[in-house]
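Student: This is the content of run26.cif (mmCIF, C-alpha atoms and all ligand atoms):
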```cif
data_protein
#
loop_
_atom_site.label_atom_id
_atom_site.label_comp_id
_atom_site.auth_asym_id
_atom_site.auth_seq_id
_atom_site.Cartn_x
_atom_site.Cartn_y
_atom_site.Cartn_z
CA MET A 1 0.00 0.00 0.00
CA TYR A 2 1.23 3.48 -0.97
CA LEU A 3 0.63 6.74 0.84
CA ILE A 4 0.85 9.66 -1.56
CA THR A 5 0.73 13.10 0.04
CA GLY A 6 -0.11 15.97 -2.29
CA ALA A 7 -2.23 13.51 -4.34
CA ALA A 8 -4.47 16.34 -5.57
CA GLY A 9 -1.38 18.23 -6.75
CA PHE A 10 0.28 18.00 -10.16
CA VAL A 11 3.01 15.39 -9.61
CA GLY A 12 1.19 13.50 -6.83
CA PHE A 13 -1.83 13.10 -9.09
CA HIS A 14 0.22 11.62 -11.94
CA LEU A 15 2.08 9.22 -9.67
CA SER A 16 -1.16 8.11 -7.98
CA LEU A 17 -2.78 7.54 -11.37
CA SER A 18 0.14 5.43 -12.62
CA LEU A 19 0.16 3.35 -9.44
CA LEU A 20 -3.61 2.79 -9.64
CA LYS A 21 -3.28 1.72 -13.28
CA LYS A 22 -0.81 -0.89 -12.04
CA GLN A 23 -3.48 -2.16 -9.59
CA LYS A 24 -1.65 -0.77 -6.54
CA LYS A 25 -3.54 0.45 -3.48
CA VAL A 26 -3.13 4.19 -2.94
CA ILE A 27 -4.09 6.37 0.00
CA GLY A 28 -4.09 9.95 -1.17
CA VAL A 29 -3.74 12.87 1.22
CA ASP A 30 -4.00 16.58 0.47
CA ASN A 31 -5.27 19.68 2.24
CA ILE A 32 -6.51 21.18 -1.09
CA SER A 33 -4.63 24.40 -0.42
CA ASP A 34 -5.88 27.41 -2.37
CA TYR A 35 -2.41 28.58 -3.42
CA TYR A 36 -3.75 28.06 -6.95
CA ASP A 37 -7.30 27.46 -8.23
CA THR A 38 -8.65 24.42 -6.42
CA LYS A 39 -10.92 23.41 -9.32
CA ILE A 40 -8.08 21.57 -11.04
CA LYS A 41 -7.32 19.72 -7.77
CA PHE A 42 -10.91 18.50 -7.51
CA ASP A 43 -10.85 17.51 -11.20
CA ARG A 44 -7.67 15.51 -10.68
CA LEU A 45 -9.24 13.79 -7.66
CA LYS A 46 -12.36 13.00 -9.70
CA ILE A 47 -10.16 10.91 -12.01
CA LEU A 48 -8.40 9.13 -9.16
CA ARG A 49 -11.67 8.38 -7.38
CA LYS A 50 -12.79 6.24 -10.33
CA PHE A 51 -10.36 3.58 -9.14
CA PRO A 52 -11.68 1.36 -6.32
CA ASN A 53 -8.13 1.05 -4.96
CA PHE A 54 -7.99 4.78 -4.22
CA ILE A 55 -8.89 6.25 -0.84
CA PHE A 56 -8.63 9.98 -0.24
CA TYR A 57 -8.33 11.94 2.98
CA LYS A 58 -8.36 15.68 3.24
CA ILE A 59 -5.66 16.20 5.83
CA ASP A 60 -3.58 19.21 6.62
CA LEU A 61 -0.19 17.79 7.55
CA LYS A 62 0.57 20.86 9.64
CA ASN A 63 -1.83 19.34 12.12
CA LYS A 64 -0.27 16.24 13.65
CA LYS A 65 -3.45 15.08 15.40
CA ASN A 66 -5.27 15.09 12.09
CA ILE A 67 -2.79 12.61 10.59
CA SER A 68 -3.20 10.19 13.44
CA LYS A 69 -7.02 10.48 13.50
CA LYS A 70 -7.45 9.61 9.84
CA ILE A 71 -4.46 7.46 8.91
CA ASN A 72 -3.93 5.41 12.08
CA LYS A 73 -5.81 2.37 10.76
CA TYR A 74 -3.43 2.09 7.79
CA LYS A 75 -0.28 2.73 9.80
CA ASN A 76 0.91 -0.85 9.65
CA LYS A 77 -0.16 -1.47 6.07
CA ILE A 78 1.63 1.36 4.26
CA GLN A 79 4.92 0.23 2.71
CA VAL A 80 5.90 3.26 0.67
CA ILE A 81 5.34 6.91 1.49
CA VAL A 82 5.70 9.43 -1.32
CA HIS A 83 5.59 12.88 0.19
CA PHE A 84 4.82 15.45 -2.47
CA ALA A 85 2.55 17.67 -0.37
CA GLY A 86 4.01 21.07 0.27
CA GLN A 87 4.13 24.68 -0.68
CA ALA A 88 5.73 25.08 -4.11
CA GLY A 89 6.96 28.23 -5.85
CA VAL A 90 10.12 30.30 -5.40
CA ARG A 91 8.59 33.76 -5.88
CA TYR A 92 5.75 33.22 -3.42
CA SER A 93 8.34 32.38 -0.75
CA ILE A 94 9.60 35.97 -0.93
CA LEU A 95 6.06 37.19 -0.09
CA ASN A 96 5.08 34.52 2.43
CA PRO A 97 8.12 32.72 3.86
CA ILE A 98 6.35 31.34 6.94
CA THR A 99 4.03 29.13 4.90
CA TYR A 100 7.12 27.25 3.60
CA ILE A 101 8.27 26.54 7.14
CA GLU A 102 4.80 25.26 8.05
CA ASN A 103 3.89 23.28 4.92
CA ASN A 104 7.33 21.99 3.98
CA ILE A 105 9.30 21.59 7.19
CA ILE A 106 6.77 21.19 10.02
CA SER A 107 4.38 19.06 7.93
CA TYR A 108 7.19 16.71 6.92
CA VAL A 109 8.41 16.29 10.51
CA ASN A 110 4.80 15.57 11.58
CA LEU A 111 4.59 12.84 8.95
CA LEU A 112 7.93 11.28 9.91
CA GLU A 113 7.08 11.45 13.61
CA PHE A 114 3.84 9.61 12.97
CA PHE A 115 5.54 6.81 11.00
CA LYS A 116 8.96 6.67 12.67
CA ASP A 117 8.37 3.46 14.63
CA THR A 118 6.46 1.60 11.92
CA LYS A 119 8.30 -1.51 10.82
CA LYS A 120 6.32 -1.93 7.62
CA ILE A 121 7.62 1.22 5.85
CA LYS A 122 10.23 0.26 3.30
CA LEU A 123 10.81 3.62 1.67
CA VAL A 124 10.03 7.32 2.04
CA ILE A 125 10.41 9.38 -1.12
CA TYR A 126 10.00 13.14 -0.76
CA ALA A 127 10.09 16.07 -3.17
CA SER A 128 13.08 18.34 -3.01
CA SER A 129 13.97 20.82 -5.73
CA SER A 130 16.69 21.86 -8.18
CA SER A 131 16.55 25.27 -6.51
CA VAL A 132 18.73 23.94 -3.65
CA TYR A 133 21.77 24.44 -5.92
CA GLY A 134 21.33 28.22 -6.18
CA GLU A 135 23.22 30.27 -8.76
CA LYS A 136 26.21 28.35 -10.05
CA GLY A 137 27.71 31.09 -12.17
CA SER A 138 28.39 28.73 -15.07
CA LYS A 139 26.34 26.78 -17.59
CA LYS A 140 27.60 23.45 -16.24
CA ALA A 141 25.06 20.81 -15.30
CA VAL A 142 24.84 20.21 -11.56
CA SER A 143 25.32 16.77 -10.05
CA SER A 144 23.39 15.69 -6.97
CA LEU A 145 26.77 15.69 -5.22
CA ALA A 146 27.37 19.38 -5.99
CA GLN A 147 27.45 21.94 -3.21
CA THR A 148 24.07 23.48 -2.38
CA ASN A 149 23.45 27.20 -2.00
CA PRO A 150 19.79 28.08 -1.38
CA ILE A 151 18.81 31.67 -2.18
CA SER A 152 15.11 31.58 -1.24
CA VAL A 153 13.14 30.34 1.76
CA TYR A 154 11.55 27.83 -0.64
CA SER A 155 14.90 26.22 -1.48
CA ALA A 156 16.03 26.47 2.16
CA SER A 157 12.86 24.61 3.20
CA LYS A 158 13.64 21.84 0.69
CA LEU A 159 17.23 21.59 1.86
CA SER A 160 15.96 21.42 5.46
CA MET A 161 13.77 18.47 4.45
CA GLU A 162 16.86 16.75 3.07
CA LEU A 163 18.71 17.26 6.37
CA ILE A 164 15.73 16.11 8.41
CA SER A 165 15.49 12.96 6.27
CA LYS A 166 19.11 12.11 7.03
CA VAL A 167 18.36 12.47 10.75
CA TYR A 168 15.31 10.16 10.59
CA SER A 169 17.21 7.64 8.47
CA HIS A 170 19.93 7.64 11.11
CA LEU A 171 17.73 7.57 14.22
CA TYR A 172 14.94 5.26 13.09
CA LYS A 173 16.53 3.38 10.18
CA ILE A 174 13.94 4.73 7.75
CA ASN A 175 15.01 4.56 4.09
CA THR A 176 14.63 8.03 2.59
CA ILE A 177 15.18 9.37 -0.92
CA GLY A 178 14.84 13.03 -1.87
CA VAL A 179 14.07 13.78 -5.49
CA ARG A 180 15.26 17.14 -6.75
CA PHE A 181 12.79 17.98 -9.51
CA PHE A 182 13.66 20.32 -12.38
CA THR A 183 10.72 22.38 -13.87
CA VAL A 184 8.19 19.61 -14.37
CA PHE A 185 5.69 20.34 -17.14
CA GLY A 186 2.78 18.58 -18.81
CA PRO A 187 -0.97 17.93 -18.72
CA TRP A 188 -2.71 18.74 -15.42
CA GLY A 189 0.21 21.06 -14.63
CA ARG A 190 0.26 23.76 -11.98
CA PRO A 191 -1.52 26.90 -13.20
CA ASP A 192 0.97 29.11 -11.32
CA MET A 193 3.91 27.83 -13.38
CA PHE A 194 5.32 29.86 -16.26
CA TYR A 195 4.38 27.52 -19.10
CA LEU A 196 0.68 27.55 -18.18
CA LYS A 197 0.67 31.32 -17.66
CA LEU A 198 2.15 31.58 -21.17
CA LEU A 199 -0.54 29.36 -22.69
CA ARG A 200 -3.23 31.33 -20.84
CA GLY A 201 -1.79 34.63 -22.05
CA ILE A 202 -1.60 33.48 -25.66
CA LYS A 203 -5.13 32.10 -25.66
CA SER A 204 -6.71 35.15 -24.02
CA ASN A 205 -4.56 37.79 -25.81
CA LYS A 206 -3.35 39.02 -22.44
CA ASN A 207 0.15 40.00 -21.35
CA THR A 208 2.51 37.36 -20.04
CA ASN A 209 5.27 38.46 -17.68
CA ILE A 210 8.66 37.27 -18.92
CA TYR A 211 11.06 37.46 -16.02
CA ASN A 212 14.74 38.29 -16.39
CA TYR A 213 13.86 39.50 -19.90
CA GLY A 214 13.58 35.84 -20.98
CA LYS A 215 17.25 35.13 -20.27
CA HIS A 216 16.60 32.11 -18.06
CA TYR A 217 17.59 28.53 -18.87
CA ARG A 218 15.49 25.68 -17.52
CA SER A 219 15.76 21.88 -17.56
CA PHE A 220 12.12 21.43 -18.61
CA THR A 221 11.19 17.85 -17.70
CA TYR A 222 8.06 16.21 -19.05
CA ILE A 223 5.82 14.70 -16.37
CA ASP A 224 5.91 11.17 -17.86
CA ASP A 225 9.69 11.14 -17.52
CA VAL A 226 9.38 12.18 -13.88
CA ILE A 227 6.97 9.31 -13.25
CA LEU A 228 9.19 6.88 -15.18
CA ASN A 229 12.16 7.75 -12.98
CA LEU A 230 10.11 7.63 -9.78
CA PHE A 231 9.14 4.05 -10.67
CA LYS A 232 12.77 3.21 -11.33
CA ILE A 233 13.66 4.54 -7.88
CA ILE A 234 10.80 2.66 -6.21
CA ASN A 235 11.72 -0.60 -7.95
CA LYS A 236 15.39 -0.25 -7.15
CA PHE A 237 14.99 0.57 -3.46
CA MET A 238 11.92 -1.41 -2.45
CA THR A 239 14.00 -4.45 -1.61
CA ARG A 240 13.96 -5.06 2.10
CA GLY A 241 17.19 -4.81 3.96
CA GLN A 242 18.69 -2.34 1.49
CA LYS A 243 19.59 0.76 3.48
CA VAL A 244 19.35 4.10 1.73
CA SER A 245 19.43 7.76 2.67
CA ASP A 246 20.14 9.73 -0.48
CA VAL A 247 19.12 12.56 -2.77
CA PHE A 248 18.84 12.31 -6.56
CA ASN A 249 18.32 14.69 -9.45
CA VAL A 250 15.24 13.91 -11.52
CA GLY A 251 15.45 16.19 -14.50
CA ASN A 252 16.19 16.59 -18.18
CA PRO A 253 19.90 17.36 -18.74
CA ASN A 254 18.90 19.39 -21.78
CA SER A 255 18.46 22.94 -20.44
CA ILE A 256 16.48 25.25 -22.72
CA HIS A 257 16.67 29.03 -23.10
CA LEU A 258 13.31 30.52 -22.11
CA LYS A 259 13.04 32.46 -25.39
CA LYS A 260 13.46 29.20 -27.31
CA PHE A 261 10.72 27.61 -25.21
CA ILE A 262 8.41 30.58 -25.79
CA GLY A 263 9.11 30.50 -29.55
CA LEU A 264 8.27 26.79 -29.70
CA VAL A 265 4.98 27.27 -27.83
CA GLU A 266 4.05 30.25 -30.05
CA LYS A 267 4.77 28.23 -33.19
CA LYS A 268 2.62 25.34 -32.01
CA MET A 269 -0.20 27.63 -30.86
CA GLY A 270 -0.01 29.50 -34.20
CA LYS A 271 -0.05 32.78 -32.31
CA ARG A 272 2.45 35.18 -30.72
CA ALA A 273 2.42 35.89 -26.98
CA LYS A 274 2.04 39.46 -25.72
CA LYS A 275 5.26 39.62 -23.80
CA ARG A 276 5.89 41.94 -20.91
CA TYR A 277 9.61 41.76 -20.21
CA ILE A 278 10.53 42.43 -16.62
CA LYS A 279 13.65 42.20 -14.48
CA LYS A 280 14.82 39.14 -12.61
CA GLN A 281 12.84 38.51 -9.43
CA LEU A 282 14.32 38.00 -5.98
CA GLY A 283 15.18 34.32 -5.40
CA ASP A 284 14.99 33.41 -9.12
CA LEU A 285 17.75 31.34 -10.65
CA THR A 286 19.19 32.23 -14.05
CA LEU A 287 19.91 28.62 -14.91
CA THR A 288 18.86 25.13 -13.90
CA LYS A 289 20.61 22.24 -15.61
CA SER A 290 20.36 18.68 -14.39
CA ASN A 291 23.31 16.33 -14.39
CA VAL A 292 22.08 12.74 -14.06
CA LEU A 293 25.28 10.74 -14.62
CA ARG A 294 25.19 9.50 -11.03
CA GLU A 295 21.46 8.70 -11.29
CA LYS A 296 22.06 6.80 -14.56
CA LYS A 297 24.53 4.56 -12.76
CA ILE A 298 22.37 4.03 -9.68
CA PHE A 299 18.87 3.55 -11.09
CA ASN A 300 19.25 4.06 -14.86
CA HIS A 301 17.71 7.58 -14.98
CA GLU A 302 16.19 8.08 -18.40
CA ILE A 303 14.58 10.85 -20.45
CA ARG A 304 12.25 9.56 -23.18
CA VAL A 305 10.12 12.58 -24.09
CA ASP A 306 11.76 15.36 -26.10
CA LEU A 307 10.65 18.97 -25.69
CA ASN A 308 8.74 18.99 -28.99
CA THR A 309 6.61 15.99 -28.08
CA GLY A 310 6.12 17.21 -24.51
CA VAL A 311 4.89 20.63 -25.65
CA ASP A 312 2.54 19.00 -28.19
CA LYS A 313 0.98 16.85 -25.46
CA LEU A 314 0.76 19.82 -23.10
CA ILE A 315 -1.06 21.98 -25.66
CA LYS A 316 -3.42 19.16 -26.61
CA TRP A 317 -4.42 18.75 -22.97
CA TYR A 318 -4.60 22.53 -22.40
CA ASN A 319 -6.99 23.01 -25.30
CA SER A 320 -9.24 20.20 -24.14
CA TYR A 321 -9.28 21.17 -20.44
CA TYR A 322 -9.53 24.97 -20.78
CA LYS A 323 -12.08 25.10 -23.59
N1 LIG A 401 6.35 20.92 -10.36
C1 LIG A 401 7.64 21.24 -10.36
O1 LIG A 401 8.20 21.67 -11.36
C2 LIG A 401 8.46 21.06 -9.10
C3 LIG A 401 9.84 21.38 -9.15
C4 LIG A 401 10.59 21.20 -8.00
C5 LIG A 401 10.02 20.73 -6.85
N2 LIG A 401 8.68 20.46 -6.81
C6 LIG A 401 8.10 19.98 -5.54
O2 LIG A 401 7.36 18.79 -5.80
C7 LIG A 401 6.22 18.72 -4.98
C8 LIG A 401 4.98 18.54 -5.84
O3 LIG A 401 4.90 19.65 -6.72
P1 LIG A 401 3.61 19.94 -7.59
O4 LIG A 401 4.06 20.70 -8.77
O5 LIG A 401 2.83 18.71 -7.74
O6 LIG A 401 2.86 20.97 -6.60
P2 LIG A 401 1.31 21.10 -6.25
O7 LIG A 401 1.16 22.40 -5.54
O8 LIG A 401 0.48 20.87 -7.46
O9 LIG A 401 1.06 19.89 -5.25
C9 LIG A 401 1.31 19.97 -3.88
C10 LIG A 401 0.03 19.59 -3.15
O10 LIG A 401 0.30 19.59 -1.73
C11 LIG A 401 -0.86 20.05 -1.08
N3 LIG A 401 -0.43 20.59 0.23
C12 LIG A 401 0.25 21.73 0.49
N4 LIG A 401 0.43 21.89 1.81
C13 LIG A 401 -0.14 20.81 2.40
C14 LIG A 401 -0.31 20.41 3.76
N5 LIG A 401 0.16 21.15 4.78
N6 LIG A 401 -0.97 19.26 4.02
C15 LIG A 401 -1.47 18.49 3.00
N7 LIG A 401 -1.35 18.84 1.70
C16 LIG A 401 -0.70 19.98 1.41
C17 LIG A 401 -1.45 21.11 -1.99
O11 LIG A 401 -2.83 21.29 -1.77
C18 LIG A 401 -1.13 20.57 -3.38
O12 LIG A 401 -2.24 19.91 -3.95
C19 LIG A 401 6.21 20.02 -4.15
O13 LIG A 401 6.78 19.75 -2.90
C20 LIG A 401 7.09 20.94 -4.95
O14 LIG A 401 7.71 21.92 -4.14
C21 LIG A 401 7.89 20.60 -7.91
#
```
As structure tokens, how would this structure be written, given the file I've shared?

Tutor:
Amino acid sequence: MYLITGAAGFVGFHLSLSLLKKQKKVIGVDNISDYYDTKIKFDRLKILRKFPNFIFYKIDLKNKKNISKKINKYKNKIQVIVHFAGQAGVRYSILNPITYIENNIISYVNLLEFFKDTKKIKLVIYASSSSVYGEKGSKKAVSSLAQTNPISVYSASKLSMELISKVYSHLYKINTIGVRFFTVFGPWGRPDMFYLKLLRGIKSNKNTNIYNYGKHYRSFTYIDDVILNLFKIINKFMTRGQKVSDVFNVGNPNSIHLKKFIGLVEKKMGKRAKKRYIKKQLGDLTLTKSNVLREKKIFNHEIRVDLNTGVDKLIKWYNSYYK
């Protein structure tokens, strides 16, 4: 049995769906935060609820008692915890830093405290972020062994989760793996992310803010590749007795200039975006570029979907969902 936190969120939804399609039992947890429009969260849940193997609980992980009240009966049945619940977004962490402490750090400790003495748990996977690397000052891809340098409370909260995981692995022999995601995109994506704001702007003839005058580079990673690599990690580390406390990059090594990405989307939409170029925002990184050589060796990290195909699939979904 799998516990997926953040199951109503973008990545948690896709992982839950893939597990359910493989006939696995999934307990989904989410507090349905209103950081972005909750309609898409309810629509994602509607799809998951079609599977009899899916159980959902609305739980705010900030509240420890709530976890125990609703999840206690499954405590000794859950084998894998995938913790994707949390407050995402670098820019919002400049405006509201406290929410990152509560939803990323405190919530995670509450979850680990609840499960720390459970013998059944084989693996805890949790979402970290490429933002932990900070500005590297060169265009070189960063390995998961590279030095970290958080420059926002968001990235500091993710790095804190990595440290806390090491502590729980040490104290309670829990196997933990942090996955540092790089700009995940695709159907059912987060409406607050740049690529969906761009599509919205193009469709509605409204301005789209282009930060840092479009001079960013991002390792855009298609959602199916994220799920593929999560399964590789689960399969590799599910074996009992295998001790692990590690952090991996999950991201496309091919980093794309934002202007190139915008041009590709415009071409496929058959329409230009109304661009409003603005300066780099506090906490923003100029470049993210994933190095997965270590991950290739350990669990055969793979990228199968090229940018062209990924953008095609994204637009197809966008046009059908936002009619
Ligand atoms: N999508 C990306 O490109 C990306 C990149 C790097 C890291 N991440 C991290 O991966 C994880 C998943 O990202 P996503 O894009 O699916 O985000 P998302 O916002 O769509 O999903 C997160 C979900 O967690 C829920 N949540 C927030 N606080 C909670 C709490 N206290 N208790 C219970 N549920 C809570 C939210 O309601 C939301 O549905 C996040 O931790 C995010 O920071 C994502």

Student: Step by step, measure atom-to-atom distances between ligand LIG 401 (chain A) and each residue using all atoms listed in the file, keep those at most 6 Å, then write them as a PyMOL selection string.

Tutor: chain A and resi 6+8-12+30-33+59-62+84-88+103+107+127-129+181-184+190

Student: Which residue, A:Phe220, A:Tyr318, A:Ile234, A:Leu228, has the smallest gap to Ile125 (chain A) when you use only C-alpha atoms?

Tutor: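 Counting only C-alpha atoms, the residue closest to Ile125 (chain A) is A:Ile234.
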
Student: Point out the residue among A:Gly283, A:Gly270, A:Gly251, A:Gly214 with the least atom-to-atom distance to Arg91 (chain A), counting only C-alpha atoms.

Tutor: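 The closest residue to Arg91 (chain A) is A:Gly283.
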
Student: Calculate, to one decimal in Å, the centre and edge lengths of the box along x, y and z of the file that holds all listed atoms of region 120-132 of chain A with 3 Å of margin on each side, and present them as AutoDock Vina command-line options.

Tutor:
```
--center_x 12.5 --center_y 11.7 --center_z -0.3 --size_x 18.4 --size_y 33.2 --size_z 21.8
```

Student: How far is it from CA of Ser138 (chain A) to CA of Leu285 (chain A), in Å with one decimal?

Tutor: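 Pair CA of Ser138 (chain A) / CA of Leu285 (chain A) returns 11.8 Å.
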
Student: Report as a list of chain:residue names all protein, DNA and RNA residues lying within 9 Å of Lys268 (chain A), evaluated on all atoms listed in the file, omitting residues in the same chain fewer than 2 positions from it.

Tutor: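 The neighbour list is A:Gly263, A:Leu264, A:Val265, A:Glu266, A:Gly270, A:Lys271, A:Val311, A:Asp312, A:Ile315.
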
Student: Can you work out which one of A:Val80, A:Leu196, A:Ile101, A:Leu145 has the shortest atom-to-atom distance to Lys119 (chain A), counting only C-alpha atoms?

Tutor: A:Val80

Student: Nearest to Val292 (chain A): which of A:Phe237, A:Tyr172, A:Phe248, A:Tyr195 is it, counting all atoms listed in the file?

Tutor: A:Phe248

Student: CA of Ser16 (chain A) and CA of Ser320 (chain A), how far apart in Å?

Tutor: 21.7 Å

Student: Work out how far CA of Ser155 (chain A) is from CA of Pro97 (chain A), in Å to one decimal.

Tutor: 10.8 Å

Student: Which one of A:Ile227, A:Ser255, A:Lys267, A:Ser93 sits closest to Leu282 (chain A) if you count all atoms listed in the file?

Tutor: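 Going through A:Ile227, A:Ser255, A:Lys267, A:Ser93 one by one, the smallest distance to Leu282 (chain A) is for A:Ser93.
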
Student: Name all residues at most 10 Å from Ala273 (chain A) (count only C-alpha atoms; drop same-chain ones fewer than 6 positions away) and give them as a compact mmCIF listing (two decimals) with C-alpha atoms, keeping the file's coordinate frame.

Tutor:
```txt
# COMPACT_ATOMS: atom_id res chain seq x y z
CA LEU A 198 2.15 31.58 -21.17
CA LEU A 199 -0.54 29.36 -22.69
CA ARG A 200 -3.23 31.33 -20.84
CA GLY A 201 -1.79 34.63 -22.05
CA ILE A 202 -1.60 33.48 -25.66
CA LYS A 203 -5.13 32.10 -25.66
CA SER A 204 -6.71 35.15 -24.02
CA ASN A 205 -4.56 37.79 -25.81
CA LYS A 206 -3.35 39.02 -22.44
CA ASN A 207 0.15 40.00 -21.35
CA THR A 208 2.51 37.36 -20.04
CA ILE A 262 8.41 30.58 -25.79
CA GLY A 263 9.11 30.50 -29.55
CA VAL A 265 4.98 27.27 -27.83
CA GLU A 266 4.05 30.25 -30.05
```

Student: Choose the residue, out of A:Ala146, A:Val247, A:Leu258, A:Val167, that has the smallest atom-to-atom separation from Glu113 (chain A); count all atoms listed in the file.

Tutor: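 That would be A:Val167, the residue with the smallest distance to Glu113 (chain A).
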
Student: Please provide the set of residues having any atom within 12 Å of Leu17 (chain A), restricted to all atoms listed in the file, with same-chain residues fewer than 2 positions apart removed, written as a CSV table (one decimal) with C-alpha atoms, in the frame of the given file.

Tutor:
```csv
chain,number,residue,atom,x,y,z
A,2,TYR,CA,1.2,3.5,-1.0
A,4,ILE,CA,0.8,9.7,-1.6
A,7,ALA,CA,-2.2,13.5,-4.3
A,8,ALA,CA,-4.5,16.3,-5.6
A,9,GLY,CA,-1.4,18.2,-6.8
A,10,PHE,CA,0.3,18.0,-10.2
A,11,VAL,CA,3.0,15.4,-9.6
A,12,GLY,CA,1.2,13.5,-6.8
A,13,PHE,CA,-1.8,13.1,-9.1
A,14,HIS,CA,0.2,11.6,-11.9
A,15,LEU,CA,2.1,9.2,-9.7
A,19,LEU,CA,0.2,3.4,-9.4
A,20,LEU,CA,-3.6,2.8,-9.6
A,21,LYS,CA,-3.3,1.7,-13.3
A,22,LYS,CA,-0.8,-0.9,-12.0
A,23,GLN,CA,-3.5,-2.2,-9.6
A,24,LYS,CA,-1.6,-0.8,-6.5
A,25,LYS,CA,-3.5,0.4,-3.5
A,26,VAL,CA,-3.1,4.2,-2.9
A,27,ILE,CA,-4.1,6.4,0.0
A,28,GLY,CA,-4.1,10.0,-1.2
A,44,ARG,CA,-7.7,15.5,-10.7
A,45,LEU,CA,-9.2,13.8,-7.7
A,46,LYS,CA,-12.4,13.0,-9.7
A,47,ILE,CA,-10.2,10.9,-12.0
A,48,LEU,CA,-8.4,9.1,-9.2
A,49,ARG,CA,-11.7,8.4,-7.4
A,50,LYS,CA,-12.8,6.2,-10.3
A,51,PHE,CA,-10.4,3.6,-9.1
A,52,PRO,CA,-11.7,1.4,-6.3
A,53,ASN,CA,-8.1,1.0,-5.0
A,54,PHE,CA,-8.0,4.8,-4.2
A,188,TRP,CA,-2.7,18.7,-15.4
A,224,ASP,CA,5.9,11.2,-17.9
A,227,ILE,CA,7.0,9.3,-13.2
```

Student: Counting all atoms listed in the file, what is within 8 Å of Glu302 (chain A), bar same-chain residues fewer than 6 positions away, as a PyMOL selection string?

Tutor: chain A and resi 225+228-229+296

Student: Generate the missing atoms of region 178-189 of chain A up to N, CA and C atoms and report them as a PDB file, in the frame of the given file.

Tutor:
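result03.pdb, freshly written:
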```pdb
ATOM      1  N   GLY A 178      15.337  11.726  -1.414  1.00  0.00           N
ATOM      2  CA  GLY A 178      14.840  13.030  -1.870  1.00  0.00           C
ATOM      3  C   GLY A 178      14.986  13.109  -3.369  1.00  0.00           C
ATOM      4  N   VAL A 179      13.962  13.620  -4.038  1.00  0.00           N
ATOM      5  CA  VAL A 179      14.070  13.780  -5.490  1.00  0.00           C
ATOM      6  C   VAL A 179      14.056  15.280  -5.808  1.00  0.00           C
ATOM      7  N   ARG A 180      15.151  15.723  -6.390  1.00  0.00           N
ATOM      8  CA  ARG A 180      15.260  17.140  -6.750  1.00  0.00           C
ATOM      9  C   ARG A 180      14.696  17.309  -8.156  1.00  0.00           C
ATOM     10  N   PHE A 181      13.447  17.789  -8.215  1.00  0.00           N
ATOM     11  CA  PHE A 181      12.790  17.980  -9.510  1.00  0.00           C
ATOM     12  C   PHE A 181      13.280  19.245 -10.205  1.00  0.00           C
ATOM     13  N   PHE A 182      13.305  19.165 -11.533  1.00  0.00           N
ATOM     14  CA  PHE A 182      13.660  20.320 -12.380  1.00  0.00           C
ATOM     15  C   PHE A 182      12.443  20.668 -13.241  1.00  0.00           C
ATOM     16  N   THR A 183      11.852  21.841 -13.067  1.00  0.00           N
ATOM     17  CA  THR A 183      10.720  22.380 -13.870  1.00  0.00           C
ATOM     18  C   THR A 183       9.907  21.286 -14.576  1.00  0.00           C
ATOM     19  N   VAL A 184       9.022  20.680 -13.817  1.00  0.00           N
ATOM     20  CA  VAL A 184       8.190  19.610 -14.370  1.00  0.00           C
ATOM     21  C   VAL A 184       7.031  20.261 -15.150  1.00  0.00           C
ATOM     22  N   PHE A 185       6.784  19.769 -16.360  1.00  0.00           N
ATOM     23  CA  PHE A 185       5.690  20.340 -17.140  1.00  0.00           C
ATOM     24  C   PHE A 185       4.867  19.221 -17.781  1.00  0.00           C
ATOM     25  N   GLY A 186       3.628  19.560 -18.128  1.00  0.00           N
ATOM     26  CA  GLY A 186       2.780  18.580 -18.810  1.00  0.00           C
ATOM     27  C   GLY A 186       1.323  18.767 -18.461  1.00  0.00           C
ATOM     28  N   PRO A 187       0.463  17.869 -18.990  1.00  0.00           N
ATOM     29  CA  PRO A 187      -0.970  17.930 -18.720  1.00  0.00           C
ATOM     30  C   PRO A 187      -1.258  17.927 -17.218  1.00  0.00           C
ATOM     31  N   TRP A 188      -2.292  18.612 -16.825  1.00  0.00           N
ATOM     32  CA  TRP A 188      -2.710  18.740 -15.420  1.00  0.00           C
ATOM     33  C   TRP A 188      -1.684  19.504 -14.601  1.00  0.00           C
ATOM     34  N   GLY A 189      -0.856  20.312 -15.290  1.00  0.00           N
ATOM     35  CA  GLY A 189       0.210  21.060 -14.630  1.00  0.00           C
ATOM     36  C   GLY A 189      -0.322  22.155 -13.711  1.00  0.00           C
TER      37      GLY A 189
END
```
